[in-house]
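Structure, as C-alpha cells:
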Amino acid sequence: MNIEFQNTNLPDIIELKDIRTSYDHGQTYIIKDLNLLVEDIPNQGEFIVILGKSGCGKTTILKYIAGLTNPYSGQVFIRGKSRDQEVPISMVFQEPSALEHYTVLKNVMLPLLYRGVPVHEARDRAMSMITAVGLEGHEHKFAKFGKLSGGQIQRVVIARSLIANPGIILLDEPNRGLDNDTALQIDLLISNLWQQLQSTVILVTHNIDQAIFLGSVIYIMSSRPASIAKEFRVDLPFPRNRETKRSRPFLELKNRVEDYMYEL
Ligand SMILES: Nc1ncnc2c1ncn2[C@@H]1O[C@H](COP(=O)(O)OP(=O)(O)OP(=O)(O)O)[C@@H](O)[C@H]1O
Ligand SMILES: [Mg+2]
C-alpha cells in the first residue's frame, strides 16, 4: 500500500475542559466535569480510544470535538483554538454515511474537489485510496446497500474521511454491525492507514478487544454522570496483526481493563 498524504505539520492538540451535558437545564447530568488532554506526538500521531458502556456519552463527546453540537457547559479547544473557529476534522459516524446517490469514486473524490484539487488529480488520488481500502473494481458502483455490502460501504466512508488527511480523525464504532472477520479487516485497515497518516485518531467503542487492538492509549469513560475515569497505555508493538490478539501482553491488559470496568 502506498498512498501519498499531505502532512499538515501542525501539532494536533485536543483539550476538553470541564465538559457537562444536561438535557434538563442542569437538573441531571449525563456527562459531568469531563476533562481530557490529547497531546500529539510529532511525526507519529496517537491512536486514542475512549472506551465506555453503551449510552455513556461517547458519540456526544465526538460531536463536541467535531463542533457539531456544543456542551451544556465547558470548553473544547482544538490546537489551542476554541471550537467556533474553522479546524479541519473528519468524522466517521456510527450509522453508515456514504452518499448513496454517488459512485464509490465520486464519494472518495469529493473532499478533494471541495478543496479545489483538479479533477484528474483528485481522481488519481481517490483511485489509490480505493485500492488501499480494497475496493478496486467497485469504483463505479453506487455506494449503497444492494450494490455494496455493509463492510464495503464502511470502507468507502473510511476512504472518504482519510483522503484529505485532516490531521484529526474521529471514528465512532466504525465496525458496528459487521461480522467478526469483516470487523477485524476494517480494524486492520484503520490501524494500517493510521500508521501511514501519522495523524491523531480518536475512536470510541464499547468493545475492549477492539480498544486494545487499535489503541496506543485507552481512556475509560464512566457512566451517569460520565467522566474520564482511568488511562491505560497500550504497550503493544505496531503494526498490529491477528497474532497481537493472542499475545500474552494483550490478554493481560484485557484482563486488567475488564476487571476495572466490572468494578466501575
Ligand atoms: N436529546 C436528548 N435528550 C435526552 N437525552 C439524550 C439526548 N441525546 C442523547 N441523550 C442521552 O445521552 C446519552 C449519551 O448518548 P450517546 O449517543 O453519546 O451515547 P453512546 O455512548 O454513544 O452510546 P452507544 O454506545 O450506544 O452508541 C444517552 O443515554 C442518551 O439517551
Ligand atoms: Mg454512540
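Residue names in the C-alpha cells use chain letters A, B, ... in the order shown, residue numbers from 1 in each chain, and ligand numbers from 1 in the order shown.
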
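Residues in contact range of Asp124 (chain A), defined as at most 12 Å between only C-alpha atoms, with sequence neighbours fewer than 3 positions away removed, read Ile3, Glu4, Leu105, Lys106, Val108, Met109, Leu112, Val117, Pro118, Val119, His120, Glu121, Met127, Ser128, Met129, Ile130, Thr131, Glu139 and Ile163 of chain A.
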
* Write out as a list in words each polymer residue whose atoms come within 7 Å of region 179-188 of chain A, counting only C-alpha atoms; drop sequence neighbours fewer than 3 positions from it. =>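 Counting only C-alpha atoms, the residues come to Gly151, Asn175, Ser191, Asn192 and Asn241 of chain A.
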
Residues from the last selection, N, CA and C atoms, saved as a PDB file, in the first residue's frame:
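Just written: part-v5.pdb:
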ATOM      1  N   GLY A 151     -19.733  -3.929   4.980  1.00  0.00           N
ATOM      2  CA  GLY A 151     -18.288  -3.740   5.175  1.00  0.00           C
ATOM      3  C   GLY A 151     -17.689  -2.877   4.070  1.00  0.00           C
ATOM      4  N   ASN A 175     -16.957  -0.309  13.072  1.00  0.00           N
ATOM      5  CA  ASN A 175     -17.321  -1.642  12.551  1.00  0.00           C
ATOM      6  C   ASN A 175     -18.532  -2.245  13.245  1.00  0.00           C
ATOM      7  N   SER A 191      -5.856   0.589  11.355  1.00  0.00           N
ATOM      8  CA  SER A 191      -4.562   0.627  12.020  1.00  0.00           C
ATOM      9  C   SER A 191      -3.442   0.917  11.007  1.00  0.00           C
ATOM     10  N   ASN A 192      -3.514   0.217   9.885  1.00  0.00           N
ATOM     11  CA  ASN A 192      -2.516   0.359   8.842  1.00  0.00           C
ATOM     12  C   ASN A 192      -2.503   1.777   8.249  1.00  0.00           C
ATOM     13  N   ASN A 241      -1.436  -7.199  14.314  1.00  0.00           N
ATOM     14  CA  ASN A 241      -1.993  -8.180  13.376  1.00  0.00           C
ATOM     15  C   ASN A 241      -2.807  -9.206  14.157  1.00  0.00           C
TER      16      ASN A 241
END

* Shell of 8 Å around region 213-226 of chain A, only C-alpha atoms, local chain residues under 2 positions omitted, as an MDAnalysis selection string -> chainID A and resid 29:32 34 46:53 56:57 187 191 209:211 228:236 240 244:245 250 261 264

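Here CA of Leu162 (chain A) and CA of Leu99 (chain A) stand 15.5 Å from one another.
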
* **Residue nearest Ile41 (chain A) - candidates A:Asn207, A:Gln198, A:Thr103, A:Thr59, atoms counted: only C-alpha atoms** =>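 The shortest atom-to-atom distance to Ile41 (chain A) comes from A:Gln198.
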
Select from chain A every residue with an atom at most 8 Å from any atom of ligand 1, then for each give the shortest pair of atoms and their distance in Å to one decimal, using only C-alpha atoms and all ligand atoms, rows by chain and rising number, as CSV.
residue,atom,partner,partner_atom_place_in_ligand_line,distance
A:Ser22,CA,ligand 1,4 (C),7.8
A:Tyr23,CA,ligand 1,4 (C),5.2
A:Asp24,CA,ligand 1,4 (C),8.0
A:Ile30,CA,ligand 1,12 (O),6.1
A:Gly52,CA,ligand 1,21 (O),6.5
A:Lys53,CA,ligand 1,25 (O),6.0
A:Ser54,CA,ligand 1,25 (O),3.4
A:Gly55,CA,ligand 1,23 (O),3.4
A:Cys56,CA,ligand 1,21 (O),4.1
A:Gly57,CA,ligand 1,18 (O),3.1
A:Lys58,CA,ligand 1,21 (O),3.7
A:Thr59,CA,ligand 1,22 (O),3.7
A:Thr60,CA,ligand 1,18 (O),3.7
A:Ile61,CA,ligand 1,18 (O),6.6
A:Gln94,CA,ligand 1,27 (O),7.2
A:Asp172,CA,ligand 1,22 (O),7.8
A:Glu173,CA,ligand 1,27 (O),7.7
A:Val204,CA,ligand 1,22 (O),7.9
A:Thr205,CA,ligand 1,25 (O),6.6
A:His206,CA,ligand 1,25 (O),6.1

* Backbone DSSP call of strand (DSSP E or B) for region 45-239 of chain A, listed as JSON, numbers by chain -> {"A": [46, 47, 48, 49, 50, 51, 73, 74, 75, 76, 77, 78, 81, 82, 90, 91, 92, 103, 142, 145, 148, 168, 169, 170, 171, 172, 200, 201, 202, 203, 204, 205, 217, 218, 219, 220, 221, 226, 228, 229, 230, 231, 232, 233]}

Got time to write the residues from that selection, C-alpha atoms, as a compact mmCIF listing (two decimals), in the first residue's frame?
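Output saved as again-v1.txt:
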# COMPACT_ATOMS: atom_id res chain seq x y z
CA GLU A 46 -1.54 8.97 18.56
CA PHE A 47 -4.38 6.47 18.42
CA ILE A 48 -6.67 7.33 21.29
CA VAL A 49 -9.54 5.07 22.23
CA ILE A 50 -12.36 6.17 24.50
CA LEU A 51 -13.92 3.04 25.93
CA SER A 73 -21.04 23.91 29.79
CA GLY A 74 -17.29 23.53 29.46
CA GLN A 75 -14.88 24.22 26.61
CA VAL A 76 -13.40 22.39 23.66
CA PHE A 77 -10.08 23.51 22.19
CA ILE A 78 -8.50 22.13 19.03
CA LYS A 81 -8.43 27.33 19.26
CA SER A 82 -11.96 27.30 20.57
CA SER A 90 -13.01 14.27 9.80
CA MET A 91 -15.63 12.09 11.46
CA VAL A 92 -16.80 8.57 10.63
CA THR A 103 -20.45 6.24 -7.04
CA PHE A 142 -23.25 3.38 -6.26
CA PHE A 145 -26.78 -1.40 0.16
CA LEU A 148 -22.15 -2.98 -1.86
CA ILE A 168 -7.59 14.70 13.39
CA ILE A 169 -9.86 11.77 12.66
CA LEU A 170 -12.85 10.82 14.79
CA LEU A 171 -14.17 7.27 14.48
CA ASP A 172 -17.46 6.26 16.09
CA THR A 200 -4.33 11.89 15.72
CA VAL A 201 -7.22 9.44 15.81
CA ILE A 202 -9.92 9.32 18.44
CA LEU A 203 -12.01 6.19 18.25
CA VAL A 204 -14.90 5.47 20.61
CA THR A 205 -16.14 1.96 21.31
CA VAL A 217 -3.76 4.79 24.80
CA ILE A 218 -7.20 3.95 26.19
CA TYR A 219 -9.34 6.27 28.30
CA ILE A 220 -12.14 4.62 30.23
CA MET A 221 -15.33 6.65 30.39
CA ALA A 226 -19.78 10.29 32.73
CA ILE A 228 -12.77 10.07 32.16
CA ALA A 229 -12.12 7.55 34.93
CA LYS A 230 -8.77 6.00 34.01
CA GLU A 231 -5.98 5.87 31.44
CA PHE A 232 -4.35 2.65 30.22
CA ARG A 233 -1.26 2.83 27.97

* Near Arg83 (chain A), counting only C-alpha atoms, which residues have an atom at most 10 Å away, once you skip same-chain residues fewer than 3 positions from it, shown as a list in words? ->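 So, after excluding close chain neighbours, the residues are Tyr64, Ile65, Ala66, Gly67, Leu68, Thr69, Asn70, Gln75, Val76, Phe77, Ile78, Arg79, Gly80, Glu86 and Val87 of chain A.
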
* Which residue of A:Gly177, A:Gly167, A:Gly116, A:Pro111 approaches Gly150 (chain A) most closely, using only C-alpha atoms ->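 So, comparing all the options, the nearest one is A:Gly177.
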
* Could you pull the residues within 12 Å of Ser149 (chain A), counting only C-alpha atoms, minus those fewer than 5 positions along the same chain, as a ChimeraX atom specification? -> /A:96,135,138,141-144,154-156,177-179,182

* Could you give me, as a ChimeraX atom specification, each residue of region 47-166 of chain A that DSSP assigns to helix (DSSP H, G or I) when run on this structure's backbone? => /A:58-66,104-114,119-132,150-162

* Using CA of Ile208 (chain A) and CA of Glu252 (chain A) as the two end points, give the distance in Å to one decimal. =>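 For CA of Ile208 (chain A) relative to CA of Glu252 (chain A), the distance reads 12.2 Å.
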
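CA of Asn35 (chain A) is found 22.5 Å from CA of Glu258 (chain A).
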